[in-house]
Amino acid sequence: MEYKIKSSIMKEPIRKNCCYYNEGEYKEVAFVFSAPGRLELYNGDNKPVVGDTGANLEELIKLLESPKNKLFPESPNISQENKLRINRYKYRITNAYPKPLYRDRDNKSEASNKDIEARGNIKRLYNELKDINQYVILFGNKAGLIEEKLSINAKFIRIRRHLGPQGLNSIKNNELPEGSETNSKKRLKIVRDDIIEQINKSITI
């Protein structure tokens, strides 16, 4: 299945969901990933960030949620016992590069720096993120490329690791706190703490 990017995507704001973009209802925070992959292309739901990466983002949001946190408010009228709730699509989600890439077909899962930094791609990202008013969280080095290229009102938070299994597993065991939780959740707590630390630093600057 060939995924073609229409030229209009590079010029106009995206206002519908697709495999690389979710508009969401919150304007305080957006998440930016590297590029959609095979799962996003074929899942049939026209949603970005699915599979393990989606599950990890879901868990990370739960770790960040608080009744008093305006950036990551808890969903109203949903009990904490409801493990099937999906909160990530309340938020704006996009990708540094919109075309799905996966190794079996493309021999790569991420775009080149040149493609990400291309003028049309940066214009697309500007249109998708210009109305976010607090923070844009960039996951992985490829997403981090857009920080110097994009001038918007929101502040950037750069998380060096991607939220996929390989990225999370790069947090080594000797970095993990002691406890009975799974290593995956411990790693996500380290990511959460990094986000909170960067938010707090941005407030004091």
# chains A, B, ... in the order shown; residues from 1 in each chain; ligands from 1
$ closest_atom_pairs --of "region 130-180 of chain A" --to "region 103-122 of chain A" --cutoff "9 Å" --atoms "only C-alpha atoms" --output "Markdown table"
| residue | atom | partner | partner_atom | distance |
| --- | --- | --- | --- | --- |
| A:Lys142 | CA | A:Asn113 | CA | 7.2 |
| A:Ala143 | CA | A:Ile116 | CA | 8.4 |
| A:Leu145 | CA | A:Glu117 | CA | 7.3 |
| A:Ile146 | CA | A:Glu117 | CA | 6.9 |
| A:Lys149 | CA | A:Ile122 | CA | 7.0 |
| A:Leu150 | CA | A:Ile122 | CA | 6.7 |
$ residues_around --residues "Arg158 (chain A)" --least-positions-apart "5" --cutoff "9 Å" --atoms "only C-alpha atoms" --output "list in words"
Val136, Ile137, Leu138, Phe139, Gly140, Asn141, Ala143, Gly144, Glu147, Ile195 and Gln198 of chain A
$ select_by_dssp --residues "region 100-171 of chain A" --states "alpha helix (DSSP H)" --output "mmCIF file with C-alpha atoms, in the first residue's frame"
data_model
loop_
_atom_site.group_PDB
_atom_site.id
_atom_site.type_symbol
_atom_site.label_atom_id
_atom_site.label_comp_id
_atom_site.auth_asym_id
_atom_site.auth_seq_id
_atom_site.Cartn_x
_atom_site.Cartn_y
_atom_site.Cartn_z
ATOM 1 C CA ARG A 103 11.839 -1.645 7.643
ATOM 2 C CA ASP A 104 10.231 -4.479 5.670
ATOM 3 C CA ARG A 105 9.239 -2.061 2.929
ATOM 4 C CA ASP A 106 11.448 1.013 3.314
ATOM 5 C CA ASN A 113 17.106 14.774 8.775
ATOM 6 C CA LYS A 114 16.800 16.472 5.394
ATOM 7 C CA ASP A 115 13.242 15.263 4.887
ATOM 8 C CA ILE A 116 12.193 16.308 8.380
ATOM 9 C CA ARG A 119 10.540 23.658 4.290
ATOM 10 C CA GLY A 120 7.187 22.123 3.393
ATOM 11 C CA ASN A 121 7.338 19.663 6.278
ATOM 12 C CA ILE A 122 8.169 22.397 8.786
ATOM 13 C CA LYS A 123 5.236 24.428 7.439
ATOM 14 C CA ARG A 124 2.973 21.430 7.983
ATOM 15 C CA LEU A 125 4.161 21.077 11.575
ATOM 16 C CA TYR A 126 3.696 24.787 12.179
ATOM 17 C CA ASN A 127 0.095 24.572 11.007
ATOM 18 C CA GLU A 128 -0.540 21.550 13.228
ATOM 19 C CA LEU A 129 1.058 22.968 16.374
ATOM 20 C CA ASN A 141 16.057 12.561 18.313
ATOM 21 C CA LYS A 142 14.177 12.869 15.026
ATOM 22 C CA ALA A 143 11.290 14.738 16.604
ATOM 23 C CA GLY A 144 13.857 16.866 18.431
ATOM 24 C CA PRO A 165 9.982 -0.746 23.339
ATOM 25 C CA GLN A 166 13.474 -0.206 21.936
ATOM 26 C CA GLY A 167 13.591 3.389 23.128
ATOM 27 C CA LEU A 168 12.306 2.561 26.605
ATOM 28 C CA ASN A 169 14.662 -0.379 26.934
#
$ atom_distance --atom1 "CA of Pro73 (chain A)" --atom2 "CA of Lys47 (chain A)"
21.8 Å
$ closest_residue --among "A:Tyr102, A:Lys68, A:Asn95, A:Ser202" --to "Val32 (chain A)" --atoms "only C-alpha atoms"
A:Asn95
$ select_by_dssp --residues "region 58-159 of chain A" --states "strand (DSSP E or B)" --output "JSON, numbers by chain"
{"A": [92, 93, 94, 95, 135, 136, 137, 138, 139, 155, 156, 157, 158, 159]}
$ closest_residue --among "A:Tyr135, A:Tyr91, A:Phe33, A:Phe72" --to "Val49 (chain A)" --atoms "only C-alpha atoms"
A:Phe33
$ closest_residue --among "A:Lys62, A:Ser184, A:Ile203, A:Arg92" --to "Tyr21 (chain A)" --atoms "only C-alpha atoms"
A:Arg92
$ closest_residue --among "A:Ile93, A:Leu101, A:Leu64, A:Ala154" --to "Asp131 (chain A)" --atoms "only C-alpha atoms"
A:Ala154
$ closest_residue --among "A:Leu63, A:Ile157, A:Leu71, A:Ala55" --to "Ile86 (chain A)" --atoms "only C-alpha atoms"
A:Ala55
$ closest_residue --among "A:Ile152, A:Ile61, A:Cys19, A:Val50" --to "Arg192 (chain A)" --atoms "only C-alpha atoms"
A:Ile61
$ atom_distance --atom1 "CA of Asn173 (chain A)" --atom2 "CA of Leu57 (chain A)"
20.5 Å
$ atom_distance --atom1 "CA of Pro36 (chain A)" --atom2 "CA of Tyr89 (chain A)"
15.3 Å
